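> For reference, the file structure34.pdb (PDB, C-alpha atoms and all ligand atoms) is included below:
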ATOM      1  CA  MET A  24      37.169 155.962  65.316
ATOM      2  CA  LYS A  25      37.229 157.441  68.781
ATOM      3  CA  ILE A  26      40.164 159.796  68.783
ATOM      4  CA  ALA A  27      42.356 161.215  71.524
ATOM      5  CA  VAL A  28      44.399 164.267  70.569
ATOM      6  CA  LEU A  29      47.613 164.788  72.549
ATOM      7  CA  ILE A  30      49.118 168.250  72.845
ATOM      8  CA  SER A  31      51.839 170.108  74.742
ATOM      9  CA  GLY A  32      51.497 173.678  73.530
ATOM     10  CA  THR A  33      49.269 176.233  71.869
ATOM     11  CA  GLY A  34      47.007 173.634  70.277
ATOM     12  CA  SER A  35      46.361 175.343  66.960
ATOM     13  CA  ASN A  36      46.338 171.924  65.265
ATOM     14  CA  LEU A  37      43.823 170.706  67.846
ATOM     15  CA  LYS A  38      41.658 173.753  67.101
ATOM     16  CA  ALA A  39      41.822 172.981  63.373
ATOM     17  CA  LEU A  40      40.705 169.387  64.073
ATOM     18  CA  ILE A  41      37.819 170.510  66.277
ATOM     19  CA  ASP A  42      36.667 172.879  63.512
ATOM     20  CA  ALA A  43      36.988 170.107  60.907
ATOM     21  CA  GLN A  44      34.925 167.788  63.095
ATOM     22  CA  LYS A  45      32.189 170.431  63.353
ATOM     23  CA  ASN A  46      32.246 170.743  59.559
ATOM     24  CA  ARG A  47      32.055 166.936  59.213
ATOM     25  CA  GLU A  48      35.323 166.773  57.304
ATOM     26  CA  PHE A  49      35.968 163.361  58.845
ATOM     27  CA  LYS A  50      33.715 160.800  60.464
ATOM     28  CA  SER A  51      35.634 160.097  63.658
ATOM     29  CA  GLU A  52      34.930 161.758  66.960
ATOM     30  CA  ILE A  53      37.476 163.509  69.176
ATOM     31  CA  VAL A  54      36.496 162.112  72.559
ATOM     32  CA  LEU A  55      39.519 163.148  74.604
ATOM     33  CA  VAL A  56      42.338 165.690  74.720
ATOM     34  CA  LEU A  57      45.409 164.910  76.815
ATOM     35  CA  SER A  58      48.435 166.965  77.692
ATOM     36  CA  ASN A  59      51.576 166.339  79.700
ATOM     37  CA  LYS A  60      51.265 169.845  81.149
ATOM     38  CA  ASP A  61      48.825 172.710  81.634
ATOM     39  CA  ALA A  62      49.031 173.609  77.943
ATOM     40  CA  LYS A  63      47.320 176.680  76.528
ATOM     41  CA  GLY A  64      45.618 174.508  73.906
ATOM     42  CA  LEU A  65      43.513 172.709  76.547
ATOM     43  CA  GLU A  66      41.293 175.776  76.354
ATOM     44  CA  TYR A  67      40.029 174.571  72.959
ATOM     45  CA  ALA A  68      38.905 171.281  74.490
ATOM     46  CA  ARG A  69      37.093 173.120  77.282
ATOM     47  CA  GLU A  70      35.375 175.464  74.820
ATOM     48  CA  ALA A  71      34.237 172.534  72.670
ATOM     49  CA  GLY A  72      33.053 170.499  75.667
ATOM     50  CA  ILE A  73      35.535 167.689  74.999
ATOM     51  CA  SER A  74      36.891 165.695  77.958
ATOM     52  CA  TRP A  75      40.464 166.611  78.766
ATOM     53  CA  ALA A  76      43.132 165.733  81.310
ATOM     54  CA  ILE A  77      46.703 166.459  82.254
ATOM     55  CA  ILE A  78      48.571 163.200  82.575
ATOM     56  CA  LYS A  79      51.962 162.630  84.126
ATOM     57  CA  THR A  80      52.476 158.870  83.816
ATOM     58  CA  ASP A  81      51.837 156.059  81.324
ATOM     59  CA  GLU A  82      49.376 154.529  83.757
ATOM     60  CA  GLU A  83      47.366 157.763  83.888
ATOM     61  CA  MET A  84      47.441 158.017  80.102
ATOM     62  CA  LEU A  85      46.275 154.416  79.613
ATOM     63  CA  GLN A  86      43.537 154.846  82.170
ATOM     64  CA  GLU A  87      42.200 157.940  80.400
ATOM     65  CA  LEU A  88      42.432 156.310  76.966
ATOM     66  CA  GLU A  89      40.631 153.196  78.161
ATOM     67  CA  SER A  90      37.921 154.958  80.109
ATOM     68  CA  HIS A  91      37.058 156.977  76.984
ATOM     69  CA  SER A  92      37.255 153.880  74.720
ATOM     70  CA  VAL A  93      39.867 155.607  72.558
ATOM     71  CA  ASP A  94      40.955 153.561  69.545
ATOM     72  CA  PHE A  95      43.092 156.098  67.696
ATOM     73  CA  ILE A  96      45.637 158.676  68.883
ATOM     74  CA  VAL A  97      46.691 161.885  67.126
ATOM     75  CA  LEU A  98      49.851 163.616  68.347
ATOM     76  CA  ALA A  99      49.397 167.300  67.545
ATOM     77  CA  GLY A 100      52.405 169.067  68.978
ATOM     78  CA  TYR A 101      52.895 166.518  71.774
ATOM     79  CA  LEU A 102      56.504 166.860  72.835
ATOM     80  CA  LYS A 103      56.996 163.756  74.975
ATOM     81  CA  LYS A 104      58.125 160.430  73.580
ATOM     82  CA  ILE A 105      55.390 157.801  73.549
ATOM     83  CA  SER A 106      56.418 154.825  75.690
ATOM     84  CA  SER A 107      56.635 151.302  74.317
ATOM     85  CA  LYS A 108      53.770 150.311  76.600
ATOM     86  CA  ILE A 109      51.404 152.711  74.804
ATOM     87  CA  LEU A 110      52.951 151.905  71.398
ATOM     88  CA  ASP A 111      52.263 148.185  71.924
ATOM     89  CA  LYS A 112      48.680 148.808  72.943
ATOM     90  CA  TYR A 113      47.985 151.186  70.033
ATOM     91  CA  GLU A 114      50.148 149.634  67.320
ATOM     92  CA  ASN A 115      49.505 151.347  63.942
ATOM     93  CA  ARG A 116      46.891 153.524  65.608
ATOM     94  CA  ILE A 117      49.019 156.529  66.557
ATOM     95  CA  ILE A 118      49.886 159.297  64.117
ATOM     96  CA  ASN A 119      52.029 162.406  64.477
ATOM     97  CA  ILE A 120      52.400 165.686  62.615
ATOM     98  CA  HIS A 121      55.939 166.907  62.034
ATOM     99  CA  PRO A 122      56.787 170.311  60.515
ATOM    100  CA  SER A 123      59.347 169.169  57.935
ATOM    101  CA  LEU A 124      59.673 167.040  54.843
ATOM    102  CA  LEU A 125      60.639 163.827  56.612
ATOM    103  CA  PRO A 126      63.051 162.097  56.600
ATOM    104  CA  LYS A 127      64.731 165.513  56.456
ATOM    105  CA  TYR A 128      64.940 167.263  59.819
ATOM    106  CA  GLY A 129      63.469 164.417  61.818
ATOM    107  CA  GLY A 130      64.535 162.511  64.891
ATOM    108  CA  ARG A 131      65.809 163.550  68.285
ATOM    109  CA  GLY A 132      66.686 167.219  68.590
ATOM    110  CA  PHE A 133      64.339 168.295  65.819
ATOM    111  CA  TYR A 134      61.231 169.677  67.434
ATOM    112  CA  GLY A 135      59.502 173.034  67.563
ATOM    113  CA  LEU A 136      61.451 175.954  66.173
ATOM    114  CA  SER A 137      64.705 173.974  65.905
ATOM    115  CA  VAL A 138      63.358 172.307  62.736
ATOM    116  CA  HIS A 139      62.784 175.652  61.042
ATOM    117  CA  GLU A 140      66.122 177.036  62.279
ATOM    118  CA  ALA A 141      67.919 174.163  60.580
ATOM    119  CA  VAL A 142      65.908 174.606  57.361
ATOM    120  CA  PHE A 143      66.706 178.346  57.390
ATOM    121  CA  LYS A 144      70.394 177.787  58.090
ATOM    122  CA  ASN A 145      70.620 175.382  55.153
ATOM    123  CA  LYS A 146      68.951 177.942  52.885
ATOM    124  CA  ASP A 147      66.368 175.384  51.747
ATOM    125  CA  ARG A 148      63.902 176.793  49.229
ATOM    126  CA  GLU A 149      61.125 174.445  50.189
ATOM    127  CA  SER A 150      59.846 172.935  53.376
ATOM    128  CA  GLY A 151      56.631 171.287  54.403
ATOM    129  CA  VAL A 152      54.804 169.005  56.723
ATOM    130  CA  THR A 153      54.514 165.268  57.217
ATOM    131  CA  VAL A 154      51.889 163.120  58.917
ATOM    132  CA  HIS A 155      53.250 159.700  59.801
ATOM    133  CA  TYR A 156      52.555 156.643  61.927
ATOM    134  CA  VAL A 157      54.398 156.553  65.221
ATOM    135  CA  ASN A 158      56.749 153.715  66.099
ATOM    136  CA  GLU A 159      59.808 153.323  68.353
ATOM    137  CA  LYS A 160      61.972 155.411  66.016
ATOM    138  CA  VAL A 161      61.383 159.148  66.568
ATOM    139  CA  ASP A 162      59.758 160.582  63.403
ATOM    140  CA  GLY A 163      60.560 157.275  61.682
ATOM    141  CA  GLY A 164      57.177 155.616  61.062
ATOM    142  CA  GLU A 165      55.451 155.128  57.720
ATOM    143  CA  ILE A 166      54.463 158.373  56.001
ATOM    144  CA  ILE A 167      50.714 158.920  55.460
ATOM    145  CA  LEU A 168      50.710 162.346  53.833
ATOM    146  CA  GLN A 169      53.266 165.007  53.018
ATOM    147  CA  GLU A 170      52.849 168.507  51.583
ATOM    148  CA  LYS A 171      55.510 170.904  50.296
ATOM    149  CA  ILE A 172      55.577 174.699  50.252
ATOM    150  CA  ASP A 173      57.839 177.305  48.755
ATOM    151  CA  ILE A 174      59.684 179.147  51.532
ATOM    152  CA  SER A 175      62.154 181.025  49.350
ATOM    153  CA  LYS A 176      60.640 184.353  50.424
ATOM    154  CA  CYS A 177      60.854 183.630  54.157
ATOM    155  CA  ASN A 178      63.424 185.732  56.018
ATOM    156  CA  SER A 179      63.568 183.938  59.358
ATOM    157  CA  PRO A 180      62.839 180.590  61.035
ATOM    158  CA  VAL A 181      59.716 182.150  62.558
ATOM    159  CA  GLU A 182      58.422 183.119  59.102
ATOM    160  CA  ILE A 183      59.038 179.573  57.904
ATOM    161  CA  ARG A 184      57.223 178.213  60.960
ATOM    162  CA  ASP A 185      54.188 180.416  60.287
ATOM    163  CA  GLU A 186      53.992 179.345  56.636
ATOM    164  CA  VAL A 187      54.354 175.668  57.529
ATOM    165  CA  LEU A 188      51.739 175.963  60.294
ATOM    166  CA  LYS A 189      49.169 177.135  57.732
ATOM    167  CA  ILE A 190      49.424 173.853  55.834
ATOM    168  CA  GLU A 191      49.610 171.842  59.056
ATOM    169  CA  HIS A 192      46.071 172.962  59.808
ATOM    170  CA  SER A 193      44.657 171.302  56.717
ATOM    171  CA  ILE A 194      46.789 168.161  56.471
ATOM    172  CA  LEU A 195      45.909 166.415  59.761
ATOM    173  CA  LYS A 196      42.189 166.261  58.997
ATOM    174  CA  LYS A 197      42.994 164.928  55.504
ATOM    175  CA  ALA A 198      45.186 162.229  57.046
ATOM    176  CA  ILE A 199      42.361 161.161  59.380
ATOM    177  CA  ALA A 200      39.872 161.029  56.490
ATOM    178  CA  LYS A 201      42.387 158.998  54.451
ATOM    179  CA  ILE A 202      42.850 156.473  57.258
ATOM    180  CA  GLU A 203      39.075 156.196  57.699
ATOM    181  CA  GLU A 204      38.794 155.197  54.041
ATOM    182  CA  GLU A 205      41.507 152.581  54.343
ATOM    183  CA  ILE A 206      40.154 150.721  57.378
TER     184      ILE A 206
HETATM  185  C1  LIG B 301      53.441 172.103  65.216
HETATM  186  O1  LIG B 301      54.393 172.757  64.436
HETATM  187  C2  LIG B 301      53.630 170.622  65.099
HETATM  188  O2  LIG B 301      53.976 170.193  63.832
HETATM  189  C3  LIG B 301      54.759 170.401  66.036
HETATM  190  O3  LIG B 301      54.455 171.243  67.145
HETATM  191  C4  LIG B 301      53.695 172.354  66.685
HETATM  192  C5  LIG B 301      52.428 172.409  67.488
HETATM  193  O4  LIG B 301      51.668 173.552  67.250
HETATM  194  N1  LIG B 301      54.955 169.020  66.318
HETATM  195  P1  LIG B 301      50.237 173.708  67.905
HETATM  196  O5  LIG B 301      50.357 173.389  69.398
HETATM  197  O6  LIG B 301      49.298 172.751  67.210
HETATM  198  O7  LIG B 301      49.843 175.125  67.710
END
Here is a file; write its structure as structure tokens.

Amino acid sequence: MKIAVLISGTGSNLKALIDAQKNREFKSEIVLVLSNKDAKGLEYAREAGISWAIIKTDEEMLQELESHSVDFIVLAGYLKKISSKILDKYENRIINIHPSLLPKYGGRGFYGLSVHEAVFKNKDRESGVTVHYVNEKVDGGEIILQEKIDISKCNSPVEIRDEVLKIEHSILKKAIAKIEEEI
């Protein structure tokens, strides 16, 4: 598959995917990195010599995806909703990583630290990460992989976030490899 990775922030998941690609942990190639803003994580694309762009509209996004012959999209900390235009074009070919055990703490309002704040407030003893297909329902598509961790020793939402992020960095590449086997 020719993959585009979409980011909005620090891009640590993108970095983990670039490293996994170098180590041949999946067969696909990351051909493009897109962001809706001048995200810090774009630096990883530059370092790795991967094409990248900042896109503001659906038309710009589609143009980039098409000109790089992208056939699969990975949302790795991309904070904008994907429009129905892109969803139609890439049906069942867009996946997202979400830092909770979906369906818990999913949907509108649950993004970034707010997920971990809610988990902390509820005194949950475990949390985790989910990779799922993207459809019109925010965080509502079919689950591909999910991993749990014990967070009973975490004393703040930030500590929970850091623990969850560690497993995020290994699950996305596994999800890509799993999809490669299925198609
Ligand atoms: C991750 O927690 C991801 O699950 C969420 O946004 C964060 C992105 O982190 N959707 P990074 O930009 O990959 O460092």
> Just the number, please: distance in Å from CA of Glu186 (chain A) to CA of His121 (chain A), one decimal.
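Computing the Euclidean distance for CA of Glu186 (chain A) and CA of His121 (chain A) yields 13.7 Å.
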> Got a sec to check which residues lie within 8 Å of ligand LIG 301 (chain B), using all atoms listed in the file, and send them as a PyMOL selection string?
chain A and resi 30-38+64+98-102+119-122+134-136+152+184+187-188+191
> So that I can check the surroundings of Leu124 (chain A), please list as a ChimeraX atom specification every protein, DNA and RNA residue that reaches within 10 Å of it, counting only C-alpha atoms and ignoring chain neighbours fewer than 4 positions away.
/A:128-129,149-154,169-172
> Would you save the residues from that selection as a CSV table (one decimal), in the frame of the given file, using C-alpha atoms?

chain,number,residue,atom,x,y,z
A,128,TYR,CA,64.9,167.3,59.8
A,129,GLY,CA,63.5,164.4,61.8
A,149,GLU,CA,61.1,174.4,50.2
A,150,SER,CA,59.8,172.9,53.4
A,151,GLY,CA,56.6,171.3,54.4
A,152,VAL,CA,54.8,169.0,56.7
A,153,THR,CA,54.5,165.3,57.2
A,154,VAL,CA,51.9,163.1,58.9
A,169,GLN,CA,53.3,165.0,53.0
A,170,GLU,CA,52.8,168.5,51.6
A,171,LYS,CA,55.5,170.9,50.3
A,172,ILE,CA,55.6,174.7,50.3
> From the list A:Ile78, A:Ile53, A:Val28, A:Cys177, which residue is nearest Asp147 (chain A) when using all atoms listed in the file?
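Closest residue, counting all atoms listed in the file: A:Cys177.
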> Measuring atom to atom with only C-alpha atoms, identify which of A:Met24, A:Ile105, A:Ile41, A:Val97 is nearest to Ile117 (chain A).
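Nearest candidate to Ile117 (chain A) out of A:Met24, A:Ile105, A:Ile41, A:Val97: A:Val97.
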> Point out the residue among A:Val54, A:Lys196, A:Ser175, A:Ile166 with the least atom-to-atom distance to Ser90 (chain A), counting all atoms listed in the file.
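Of all the options, A:Val54 lies closest to Ser90 (chain A).
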> Please provide the set of residues having any atom within 10 Å of Lys160 (chain A), restricted to only C-alpha atoms, with same-chain residues fewer than 6 positions apart removed, written as a list in words.
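Result of the neighbour search: Lys104, Gly130 and Arg131 of chain A.
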> Expand the PyMOL selection byres (((chain A and resi 179) around 12) and not hetatm) into the individual residues it matches in the shown file, reporting them as an MDAnalysis selection string.
chainID A and resid 136:137 139:147 174:178 180:186
> So which residues get picked by the PyMOL selection byres (((chain A and resi 81-83) around 12) and not hetatm) here, written as a ChimeraX atom specification?
/A:57-59,76-80,84-90,103-110,112
